[in-house]
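A.B. asks: My structure is in upload.txt, and what it holds is compact mmCIF, C-alpha atoms:
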```txt
# COMPACT_ATOMS: atom_id res chain seq x y z
CA MET A 1 87.31 105.96 124.34
CA LYS A 2 86.19 102.45 123.51
CA VAL A 3 88.35 99.37 123.99
CA LEU A 4 87.40 95.87 122.85
CA ILE A 5 89.10 92.88 124.51
CA VAL A 6 89.01 89.65 122.50
CA ASP A 7 90.09 86.53 124.39
CA ASP A 8 88.66 83.03 124.69
CA SER A 9 89.54 82.84 128.39
CA PRO A 10 86.88 84.29 130.74
CA MET A 11 89.64 84.55 133.37
CA THR A 12 91.71 86.85 131.16
CA LEU A 13 88.69 88.92 130.12
CA ALA A 14 87.73 89.52 133.76
CA LEU A 15 91.33 90.33 134.66
CA ALA A 16 91.93 92.78 131.82
CA GLN A 17 88.60 94.50 132.52
CA ALA A 18 89.49 94.84 136.19
CA ARG A 19 92.93 96.24 135.40
CA LEU A 20 91.52 98.82 132.98
CA ARG A 21 88.72 99.90 135.30
CA ASP A 22 90.52 103.02 136.51
CA GLU A 23 91.39 104.21 133.01
CA ASN A 24 87.95 105.73 132.33
CA LEU A 25 87.41 103.63 129.25
CA ASP A 26 84.33 102.10 127.72
CA VAL A 27 85.44 98.44 127.74
CA SER A 28 83.61 95.59 126.05
CA CYS A 29 84.57 91.94 125.64
CA ALA A 30 84.34 89.19 123.05
CA SER A 31 85.04 85.56 123.91
CA GLY A 32 86.42 84.52 120.53
CA GLY A 33 87.72 85.71 117.19
CA VAL A 34 84.39 85.53 115.33
CA GLU A 35 82.55 87.43 118.05
CA GLY A 36 85.43 89.90 118.14
CA LEU A 37 85.05 90.74 114.45
CA VAL A 38 81.28 91.17 114.83
CA LYS A 39 81.74 93.51 117.79
CA ALA A 40 84.53 95.44 116.05
CA LYS A 41 82.19 96.14 113.12
CA LYS A 42 79.31 97.06 115.38
CA GLU A 43 81.09 99.07 118.05
CA ARG A 44 84.03 100.55 116.10
CA PRO A 45 86.34 100.61 119.14
CA ASP A 46 89.36 102.90 119.39
CA LEU A 47 91.59 99.99 120.40
CA ILE A 48 91.43 96.19 120.31
CA LEU A 49 93.30 93.97 122.75
CA LEU A 50 93.54 90.71 120.87
CA ASP A 51 94.50 87.25 122.08
CA LEU A 52 96.59 85.25 119.62
CA LYS A 53 95.63 81.68 120.42
CA MET A 54 91.88 81.21 120.13
CA PRO A 55 90.10 78.06 118.97
CA ASP A 56 87.60 79.51 116.51
CA LEU A 57 89.73 82.13 114.75
CA SER A 58 93.30 82.96 115.68
CA GLY A 59 94.37 86.49 116.58
CA TYR A 60 96.40 86.58 113.34
CA GLU A 61 93.30 85.78 111.29
CA VAL A 62 91.24 88.38 113.15
CA CYS A 63 93.97 90.98 112.66
CA GLU A 64 94.23 90.16 108.96
CA GLN A 65 90.48 90.63 108.49
CA LEU A 66 90.49 93.88 110.45
CA LYS A 67 93.33 95.30 108.38
CA SER A 68 91.68 94.35 105.09
CA ASP A 69 88.42 96.13 105.96
CA PRO A 70 88.64 99.87 105.09
CA LEU A 71 86.19 100.73 107.87
CA LEU A 72 88.18 98.85 110.54
CA SER A 73 91.77 99.02 109.35
CA ALA A 74 92.58 102.17 111.35
CA ILE A 75 91.69 100.55 114.68
CA PRO A 76 94.96 99.85 116.51
CA VAL A 77 95.50 96.30 117.74
CA ILE A 78 97.57 95.23 120.73
CA PHE A 79 98.24 91.51 120.87
CA LEU A 80 97.66 90.21 124.35
CA THR A 81 98.93 86.68 124.55
CA ALA A 82 100.79 84.04 126.46
CA ALA A 83 102.65 83.01 123.30
CA ASP A 84 106.07 84.45 123.90
CA SER A 85 108.28 83.55 120.96
CA THR A 86 110.01 86.33 119.04
CA GLU A 87 108.56 84.88 115.85
CA ASP A 88 105.02 85.34 117.20
CA LYS A 89 105.73 88.94 118.20
CA VAL A 90 107.31 89.85 114.87
CA LYS A 91 104.51 88.20 112.90
CA GLY A 92 101.88 90.09 114.92
CA LEU A 93 103.61 93.44 114.50
CA ASP A 94 104.20 92.85 110.79
CA MET A 95 100.48 92.18 110.37
CA GLY A 96 99.70 95.67 111.59
CA ALA A 97 99.49 95.35 115.39
CA VAL A 98 100.82 98.43 117.16
CA ASP A 99 102.08 96.65 120.24
CA TYR A 100 102.41 93.39 122.07
CA VAL A 101 101.77 92.61 125.75
CA ALA A 102 102.77 89.24 127.13
CA LYS A 103 100.43 87.37 129.47
CA PRO A 104 100.41 87.20 132.39
CA PHE A 105 100.56 90.93 131.96
CA ASP A 106 101.98 93.43 134.35
CA PRO A 107 98.96 95.61 135.17
CA VAL A 108 100.88 98.88 135.20
CA GLU A 109 102.50 98.06 131.87
CA LEU A 110 99.19 97.00 130.34
CA CYS A 111 97.52 100.28 131.31
CA ALA A 112 100.51 102.32 130.10
CA ARG A 113 100.54 100.57 126.71
CA VAL A 114 96.79 101.03 126.34
CA ARG A 115 97.14 104.74 127.15
CA ALA A 116 100.00 105.09 124.65
CA ALA A 117 98.05 103.36 121.87
CA LEU A 118 95.01 105.53 122.55
CA ARG A 119 97.14 108.70 122.51
CA VAL A 120 98.39 107.82 119.03
CA LYS A 121 94.84 106.91 117.95
CA ARG A 122 93.57 110.32 119.10
CA LEU A 123 96.27 112.06 117.05
CA GLN A 124 95.54 109.90 114.03
CA ASP A 125 91.84 110.70 114.29
CA LEU A 126 92.68 114.38 114.52
CA LEU A 127 94.95 114.19 111.47
CA ASN A 128 92.31 112.28 109.52
CA LEU A 129 89.73 114.87 110.45
CA ARG A 130 92.04 117.75 109.47
CA ALA A 131 92.70 116.09 106.12
CA GLN A 132 88.97 116.13 105.43
CA LEU A 133 88.34 119.74 106.39
CA ASP A 134 88.72 122.93 104.42
CA PRO A 135 91.21 124.94 106.50
CA LEU A 136 89.54 128.33 105.95
CA THR A 137 85.87 127.54 106.52
CA GLU A 138 86.29 124.27 108.47
CA LEU A 139 83.57 122.75 106.32
CA TRP A 140 84.19 119.29 104.84
CA ASN A 141 86.41 119.43 101.75
CA ARG A 142 85.62 118.06 98.32
CA GLN A 143 87.35 114.72 98.88
CA ALA A 144 85.43 114.13 102.10
CA MET A 145 82.23 115.03 100.26
CA GLN A 146 82.97 112.47 97.51
CA ASP A 147 83.61 109.79 100.14
CA ARG A 148 80.41 110.59 101.99
CA LEU A 149 78.38 110.75 98.81
CA ARG A 150 79.66 107.29 97.90
CA GLN A 151 78.51 105.97 101.30
CA GLU A 152 75.15 107.71 101.17
CA TRP A 153 74.56 106.52 97.62
CA ALA A 154 75.20 102.92 98.68
CA ARG A 155 72.93 103.32 101.72
CA MET A 156 70.21 104.95 99.65
CA SER A 157 70.40 102.14 97.07
CA ARG A 158 70.08 99.50 99.79
CA HIS A 159 67.19 101.09 101.62
CA GLU A 160 65.50 102.91 98.72
CA GLU A 161 65.62 106.18 100.59
CA ALA A 162 65.77 109.69 99.18
CA LEU A 163 69.03 111.56 98.75
CA SER A 164 69.36 115.17 97.65
CA PHE A 165 72.34 117.25 96.64
CA VAL A 166 72.60 121.03 96.63
CA MET A 167 75.25 123.08 94.86
CA MET A 168 75.71 126.73 95.66
CA ASP A 169 77.84 129.52 94.28
CA ILE A 170 78.30 133.00 95.75
CA ASP A 171 77.20 135.53 93.17
CA HIS A 172 79.84 137.90 91.81
CA PHE A 173 82.34 136.81 94.41
CA LYS A 174 85.23 138.03 92.30
CA ARG A 175 83.92 141.58 92.75
CA VAL A 176 84.13 141.19 96.53
CA ASN A 177 87.75 140.15 96.28
CA ASP A 178 88.57 142.85 93.72
CA THR A 179 86.80 145.62 95.65
CA PHE A 180 87.52 144.75 99.26
CA GLY A 181 90.55 142.49 99.01
CA HIS A 182 91.06 138.77 99.66
CA PRO A 183 90.87 138.98 103.49
CA ALA A 184 87.36 140.40 103.14
CA GLY A 185 86.56 137.68 100.59
CA ASP A 186 87.69 135.08 103.12
CA ARG A 187 85.37 136.58 105.73
CA VAL A 188 82.48 136.28 103.28
CA LEU A 189 83.33 132.63 102.64
CA CYS A 190 83.36 131.98 106.40
CA ALA A 191 80.07 133.81 106.94
CA VAL A 192 78.39 131.83 104.15
CA SER A 193 79.79 128.61 105.61
CA GLN A 194 78.28 129.46 108.97
CA VAL A 195 74.90 129.98 107.36
CA LEU A 196 75.06 126.58 105.66
CA THR A 197 76.17 124.86 108.86
CA ALA A 198 73.40 126.52 110.87
CA GLN A 199 70.76 125.34 108.42
CA CYS A 200 72.03 121.74 108.30
CA ARG A 201 70.81 118.86 110.42
CA GLU A 202 73.42 116.66 112.06
CA SER A 203 73.04 114.09 109.28
CA ASP A 204 73.59 116.65 106.49
CA MET A 205 77.03 117.41 105.14
CA PRO A 206 77.97 120.94 104.10
CA CYS A 207 81.16 121.13 102.05
CA ARG A 208 83.35 123.67 100.35
CA TYR A 209 83.42 122.34 96.82
CA GLY A 210 86.13 124.76 95.72
CA GLY A 211 86.64 128.53 95.47
CA GLU A 212 83.29 130.18 96.14
CA GLU A 213 81.35 126.99 95.38
CA PHE A 214 79.71 124.96 98.12
CA ALA A 215 77.72 121.73 98.21
CA VAL A 216 75.43 120.07 100.73
CA ILE A 217 74.52 116.38 100.91
CA LEU A 218 71.04 115.89 102.35
CA PRO A 219 70.34 112.23 103.20
CA ASP A 220 66.69 111.09 103.49
CA VAL A 221 65.50 114.36 101.96
CA ASN A 222 63.41 114.61 98.78
CA SER A 223 63.88 117.34 96.22
CA THR A 224 61.06 119.54 97.51
CA ALA A 225 62.43 119.59 101.04
CA ALA A 226 65.94 120.13 99.64
CA ALA A 227 64.71 123.14 97.67
CA HIS A 228 63.13 124.58 100.84
CA PHE A 229 66.45 124.05 102.60
CA ALA A 230 68.27 125.87 99.79
CA GLU A 231 65.76 128.72 99.91
CA ARG A 232 66.28 129.14 103.66
CA CYS A 233 70.03 129.30 103.07
CA ARG A 234 69.56 131.80 100.24
CA GLU A 235 67.47 134.07 102.49
CA GLU A 236 70.00 133.90 105.32
CA ILE A 237 72.93 134.62 103.01
CA GLU A 238 71.10 137.71 101.79
CA LYS A 239 71.08 138.94 105.38
CA ILE A 240 74.86 138.70 105.75
CA SER A 241 76.29 142.11 106.43
CA LEU A 242 80.04 142.57 106.82
CA SER A 243 81.90 145.83 107.06
CA ALA A 244 85.13 146.47 105.19
CA GLN A 245 86.90 149.69 104.28
CA SER A 246 84.07 151.70 105.87
CA ARG A 247 81.56 150.04 103.59
CA VAL A 248 79.11 147.22 103.99
CA ILE A 249 79.45 143.98 102.03
CA HIS A 250 76.25 142.23 100.99
CA VAL A 251 76.28 138.98 99.08
CA THR A 252 73.79 136.69 97.42
CA ALA A 253 74.07 133.11 96.23
CA SER A 254 72.59 130.86 93.56
CA PHE A 255 71.54 127.28 94.21
CA GLY A 256 71.05 124.16 92.11
CA VAL A 257 69.13 121.26 93.65
CA ALA A 258 68.76 117.66 92.49
CA ASP A 259 67.65 114.39 94.03
CA SER A 260 68.48 110.80 93.31
CA ARG A 261 65.18 109.72 91.75
CA ASP A 262 65.63 107.81 88.46
CA LEU A 263 69.40 108.07 88.71
CA HIS A 264 71.82 105.18 88.30
CA ALA A 265 75.10 106.81 89.28
CA ARG A 266 76.03 109.34 91.93
CA GLU A 267 78.03 111.36 89.40
CA GLU A 268 74.71 112.13 87.67
CA LEU A 269 73.40 113.62 90.92
CA ILE A 270 76.28 116.10 91.05
CA HIS A 271 75.92 116.77 87.34
CA ARG A 272 72.20 117.57 87.68
CA ALA A 273 72.72 119.88 90.67
CA ASP A 274 75.51 121.60 88.76
CA GLU A 275 73.26 121.99 85.73
CA ALA A 276 70.50 123.47 87.91
CA LEU A 277 73.03 125.88 89.42
CA TYR A 278 74.07 126.92 85.93
CA ARG A 279 70.45 127.67 85.11
CA ALA A 280 70.05 129.67 88.32
CA LYS A 281 73.04 131.78 87.35
CA HIS A 282 71.73 132.38 83.87
CA ALA A 283 68.23 133.18 85.10
CA GLY A 284 69.62 136.16 87.02
CA ARG A 285 71.35 134.68 90.13
CA ASN A 286 70.18 134.83 93.77
CA ARG A 287 67.70 132.02 93.29
CA VAL A 288 67.10 128.31 93.78
CA VAL A 289 66.56 126.09 90.75
CA LEU A 290 65.44 122.51 91.08
CA TRP A 291 66.57 120.18 88.33
CA GLU A 292 63.79 118.98 86.01
CA CYS A 293 61.22 121.40 87.42
CA ASN A 294 61.74 124.91 86.15
CA GLU A 295 58.05 125.68 86.73
CA TRP A 296 58.50 125.04 90.43
CA ALA A 297 61.44 127.37 90.46
CA SER A 298 59.49 130.26 88.92
CA ASP A 299 56.81 129.82 91.61
CA TYR A 300 59.23 129.72 94.45
CA VAL A 301 62.27 131.77 93.72
CA ARG A 302 62.49 135.30 94.94
CA GLU A 303 64.53 137.66 92.90
CA GLY A 304 67.62 139.05 94.52
CA GLN A 305 67.84 142.63 95.52
CA SER A 306 70.25 144.66 93.54
CA MET B 1 119.04 59.65 142.58
CA ALA B 2 115.89 61.44 141.45
CA GLU B 3 114.39 60.48 138.09
CA ALA B 4 114.16 63.14 135.38
CA ASN B 5 110.40 62.89 135.36
CA GLU B 6 109.95 63.36 139.09
CA SER B 7 108.61 66.62 140.43
CA HIS B 8 111.11 68.85 142.20
CA LEU B 9 108.56 71.53 142.93
CA HIS B 10 107.83 72.46 146.50
CA VAL B 11 104.11 73.18 146.72
CA PRO B 12 103.09 75.06 149.86
CA ASP B 13 100.00 73.99 151.77
CA VAL B 14 98.31 77.26 151.04
CA LEU B 15 98.96 79.68 148.24
CA HIS B 16 97.94 83.32 148.48
CA SER B 17 97.46 85.69 145.59
CA GLU B 18 100.14 88.35 145.43
CA TYR B 19 97.32 90.74 144.59
CA GLU B 20 94.80 89.75 147.24
CA SER B 21 95.13 93.23 148.78
CA VAL B 22 94.58 94.94 145.43
CA PRO B 23 90.87 95.80 145.36
CA ALA B 24 90.54 95.43 141.58
CA ILE B 25 91.85 91.86 141.76
CA ALA B 26 90.46 90.83 145.14
CA GLY B 27 87.02 91.51 143.70
CA ILE B 28 87.47 89.02 140.87
CA LEU B 29 89.65 86.36 142.47
CA ASN B 30 86.56 84.19 142.75
CA VAL B 31 86.27 84.26 138.92
CA PHE B 32 89.71 82.70 138.68
CA LEU B 33 89.48 80.28 141.59
CA GLY B 34 85.95 79.27 140.60
CA SER B 35 87.16 78.34 137.11
CA LEU B 36 90.03 76.17 138.27
CA SER B 37 88.01 73.08 139.08
CA GLU B 38 86.36 73.03 135.64
CA MET B 39 89.67 73.68 133.89
CA LEU B 40 91.42 70.90 135.78
CA ASP B 41 88.56 68.54 134.94
CA GLY B 42 89.02 69.44 131.27
CA MET B 43 92.76 68.86 131.52
CA ARG B 44 92.34 65.50 133.22
CA THR B 45 89.93 64.40 130.51
CA ALA B 46 92.41 65.55 127.87
CA VAL B 47 95.26 63.68 129.58
CA ASN B 48 93.21 60.49 129.89
CA GLY B 49 92.13 60.75 126.25
CA GLY B 50 95.61 61.57 124.98
CA ASP B 51 94.23 64.88 123.60
CA ALA B 52 97.40 66.99 123.54
CA LYS B 53 95.76 69.84 121.62
CA THR B 54 93.00 70.45 124.17
CA LEU B 55 95.44 70.02 127.03
CA SER B 56 97.81 72.55 125.48
CA SER B 57 94.98 75.03 124.93
CA LEU B 58 93.72 74.80 128.53
CA ALA B 59 97.24 74.98 129.96
CA HIS B 60 97.89 78.00 127.74
CA GLN B 61 94.86 79.78 129.22
CA LEU B 62 95.99 79.06 132.75
CA LYS B 63 99.52 80.15 131.94
CA GLY B 64 98.17 83.47 130.69
CA ALA B 65 95.86 84.09 133.62
CA GLY B 66 97.62 82.67 136.71
CA GLY B 67 100.27 85.35 137.15
CA GLY B 68 97.77 88.07 136.39
CA TYR B 69 95.70 86.97 139.37
CA GLY B 70 98.79 86.88 141.55
CA TYR B 71 99.78 83.21 141.18
CA PRO B 72 103.06 83.19 139.20
CA MET B 73 103.77 79.56 140.20
CA ILE B 74 100.58 78.51 138.41
CA THR B 75 101.71 80.37 135.30
CA ASP B 76 105.14 78.66 135.42
CA VAL B 77 103.81 75.14 135.85
CA ALA B 78 100.97 75.65 133.33
CA GLY B 79 103.61 76.83 130.85
CA GLN B 80 105.65 73.68 131.43
CA LEU B 81 102.52 71.59 131.01
CA GLU B 82 101.66 73.36 127.75
CA LYS B 83 105.19 72.71 126.47
CA ALA B 84 105.04 69.04 127.45
CA ALA B 85 101.66 68.69 125.72
CA ASP B 86 102.96 70.42 122.58
CA GLU B 87 105.90 68.00 122.56
CA ASN B 88 103.66 64.99 123.27
CA ASP B 89 105.85 64.21 126.25
CA TRP B 90 103.30 62.33 128.34
CA GLU B 91 105.71 61.51 131.17
CA PHE B 92 106.23 65.21 131.85
CA VAL B 93 102.55 65.89 131.29
CA THR B 94 101.81 63.56 134.19
CA VAL B 95 104.38 65.26 136.43
CA HIS B 96 103.26 68.82 135.67
CA MET B 97 99.59 67.91 135.80
CA ALA B 98 100.07 66.65 139.35
CA GLU B 99 102.00 69.80 140.28
CA LEU B 100 99.29 72.00 138.81
CA GLU B 101 96.55 70.19 140.69
CA SER B 102 98.46 70.62 143.97
CA LEU B 103 99.05 74.32 143.29
CA CYS B 104 95.41 74.96 142.40
CA ALA B 105 94.23 73.16 145.53
CA ALA B 106 96.65 75.27 147.60
CA ALA B 107 95.36 78.44 145.95
CA ILE B 108 91.77 77.51 146.72
CA ARG B 109 92.75 76.75 150.34
CA GLY B 110 94.57 80.08 150.52
CA ALA B 111 91.46 81.99 149.57
CA ASN B 112 89.10 79.84 151.60
CA PRO B 113 90.91 78.28 154.58
CA SER B 114 88.05 75.89 155.35
CA ALA B 115 88.22 74.34 151.88
CA GLY B 116 89.58 70.80 151.96
CA GLU B 117 89.55 70.56 155.80
CA THR B 118 88.24 67.37 157.31
CA SER B 119 86.07 67.58 160.38
```
Here is the file; what I need is its structure written in the form of structure tokens.
C.D. replies:
Amino acid sequence: MKVLIVDDSPMTLALAQARLRDENLDVSCASGGVEGLVKAKKERPDLILLDLKMPDLSGYEVCEQLKSDPLLSAIPVIFLTAADSTEDKVKGLDMGAVDYVAKPFDPVELCARVRAALRVKRLQDLLNLRAQLDPLTELWNRQAMQDRLRQEWARMSRHEEALSFVMMDIDHFKRVNDTFGHPAGDRVLCAVSQVLTAQCRESDMPCRYGGEEFAVILPDVNSTAAAHFAERCREEIEKISLSAQSRVIHVTASFGVADSRDLHAREELIHRADEALYRAKHAGRNRVVLWECNEWASDYVREGQS
Amino acid sequence: MAEANESHLHVPDVLHSEYESVPAIAGILNVFLGSLSEMLDGMRTAVNGGDAKTLSSLAHQLKGAGGGYGYPMITDVAGQLEKAADENDWEFVTVHMAELESLCAAAIRGANPSAGETS
């Protein structure tokens, strides 16, 4: 785990680094408040040891800025300072610091407090991750997808890069549940999720949108490549074969694909992919439809096997 | 009878770090001892210029680091110096500044016995 030490005293930086050497941590240092904020943004540490009294920006000011930044606010802060008044300690803790270590620090105590803060951080990270995952399929949930789409939309707007969005729905899923029961339906959902995950790059984001609906965010991918991705998924889903009640379950899925060209709002991207999915369903299911290009779809889509 | 602003501190000839046998600290003691001269220069300049803010800041740094390197006496005296600077009590600043200089010289001698010897 990464720890950032922010202190204007080179003596304290060297000392804290030396004391933490045996903790198996990735430790970096900043020699002032301004540099500390820059490094916090760049390195996203798991813990910040923050001096209070620094000439350029006080530890309070640094802490305040960290806590007001949504990307940095979850990083725990331990104040590490020679200021020893109760007022200082209370103020620091009230600002969001998780702990306080007085300098000159006892090395054993410092290491123990760092370990404790990192233990809590690990649990918080785990909880945050769990809150973003669909418990059945372990794909990202809809809320996580909305958050990521917001970030990708902002990135795409800044860098004028492509961004594609795929929506997918398992065909006649209700029949699976009605015929084979909900446990079998859950197995189908998990098998489809595995197909999506296997086809995704690390930068893509497969999500369970709700029920038997799925979505995939494809950063830096144009609509043609996104449609090829969807077609690969469609083919792999067709190959799924699960046994239940001495019978074999086969499923197919329909896909709607859209990209961000000419769009002004990310909601439109979802709307277009949803509209394309609707068309895929009404054209007979088990196919990929790309928004604004039905001709392409008729060239590309393979009809499902009944 | 001793004056209130006289030093009552007994400064040993040599001062050893309490952590000089701890490898993690022994390896960086030179960082601390090597910074002392520059810090004391800065403090002297601040004292001569009546710059209580700079003096307080430098004393604060030394207060925070001294004990960590195994020199609790340096932390104590630097803390008193910081307090005197914060209170603009220049008589005590003079007393504690002299104590701090003696302690730092003793620490440097402790790490390097030949330092300060005349031949």
A.B. asks: Any idea what's packed within 9 Å of A:Ile78, counting only C-alpha atoms, ignoring anything in its chain fewer than 3 positions away? Could you give it as a list of chain:residue names?
C.D. replies: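 My reading of the contact set: A:Leu47, A:Ile48, A:Leu49, A:Leu50, A:Asp51, A:Gly92, A:Leu93, A:Ala97, A:Val98, A:Asp99, A:Tyr100, A:Val101, A:Arg113, A:Val114, A:Ala117.
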A.B. asks: Using only C-alpha atoms, select each residue of chain B with any atom at most 6 Å away from an atom of chain A, and give the selection as a PyMOL selection string.
C.D. replies: chain B and resi 24+32+64-65+67-68
A.B. asks: Quick one: write out the picked residues with C-alpha atoms as a compact mmCIF listing (two decimals), in the frame of the given file?
C.D. replies:
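Listed below is the output, again09.txt:
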```txt
# COMPACT_ATOMS: atom_id res chain seq x y z
CA ALA B 24 90.54 95.43 141.58
CA PHE B 32 89.71 82.70 138.68
CA GLY B 64 98.17 83.47 130.69
CA ALA B 65 95.86 84.09 133.62
CA GLY B 67 100.27 85.35 137.15
CA GLY B 68 97.77 88.07 136.39
```
A.B. asks: Return the padded bounding box of stretch 43-46 of chain A as lines of an AutoDock Vina configuration file: axis-aligned, built from all atoms listed in the file, 3 Å added on each side, with centre and edge lengths in Å to one decimal.
C.D. replies:
```
center_x = 85.2
center_y = 101.0
center_z = 117.7
size_x = 14.3
size_y = 9.8
size_z = 9.3
```
A.B. asks: May I ask which of the residues A:Lys42, A:Arg155, A:Arg148, A:Lys2 is the closest one to A:Asp220, counting all atoms listed in the file?
C.D. replies: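 Result for the nearest residue to A:Asp220: A:Arg155.
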A.B. asks: One decimal, Å: what's the distance from atom CA of A:Glu275 over to atom CA of A:Leu163, could you say?
C.D. replies: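 Atom CA of A:Leu163 lies 17.2 Å from atom CA of A:Glu275.
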A.B. asks: Measure the distance from atom CA of A:Met145 to atom CA of A:Arg130 in Å and round it to one decimal.
C.D. replies: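 Atom CA of A:Arg130 lies at a distance of 13.7 Å from atom CA of A:Met145.
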A.B. asks: May I ask which of the residues A:Asp274, A:Glu61, A:Asp147, A:Asp46 is the closest one to A:Asp259, counting all atoms listed in the file?
C.D. replies: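 Closest candidate: A:Asp274.
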A.B. asks: Just to confirm, what's the straight-line distance from atom CA of A:Lys281 to atom CA of A:Leu242 in Å (one decimal)?
C.D. replies: 23.3 Å
A.B. asks: Would you list the contacts of B:Ala85 as a VMD selection string, taking every protein, DNA or RNA residue within 12 Å and counting all atoms listed in the file, but skipping same-chain residues closer than 2 positions in sequence?
C.D. replies: chain B and resid 43 46 to 47 50 to 60 78 to 83 87 to 97
A.B. asks: I want to know what sits within 7 Å of B:Tyr69, based on only C-alpha atoms, with residues of the same chain fewer than 2 positions away left out; could you give that as a list in words?
C.D. replies: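 Final neighbour list, sorted by chain and number: Ser17, Tyr19, Ile25, Leu29, Ala65, Gly66, Gly67 and Tyr71 of chain B.
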A.B. asks: If you count only C-alpha atoms, which residues fall within 6 Å of A:Phe214, apart from same-chain ones fewer than 3 positions away, as a PyMOL selection string?
C.D. replies: chain A and resi 167-168+207-209
A.B. asks: Taking into account all atoms listed in the file, which residue in the set A:Ile237, A:Ala244, A:Ala265, A:Ala162 is nearest to A:Leu218?
C.D. replies: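 Answer, going by the shortest atom-to-atom distance: A:Ala162.
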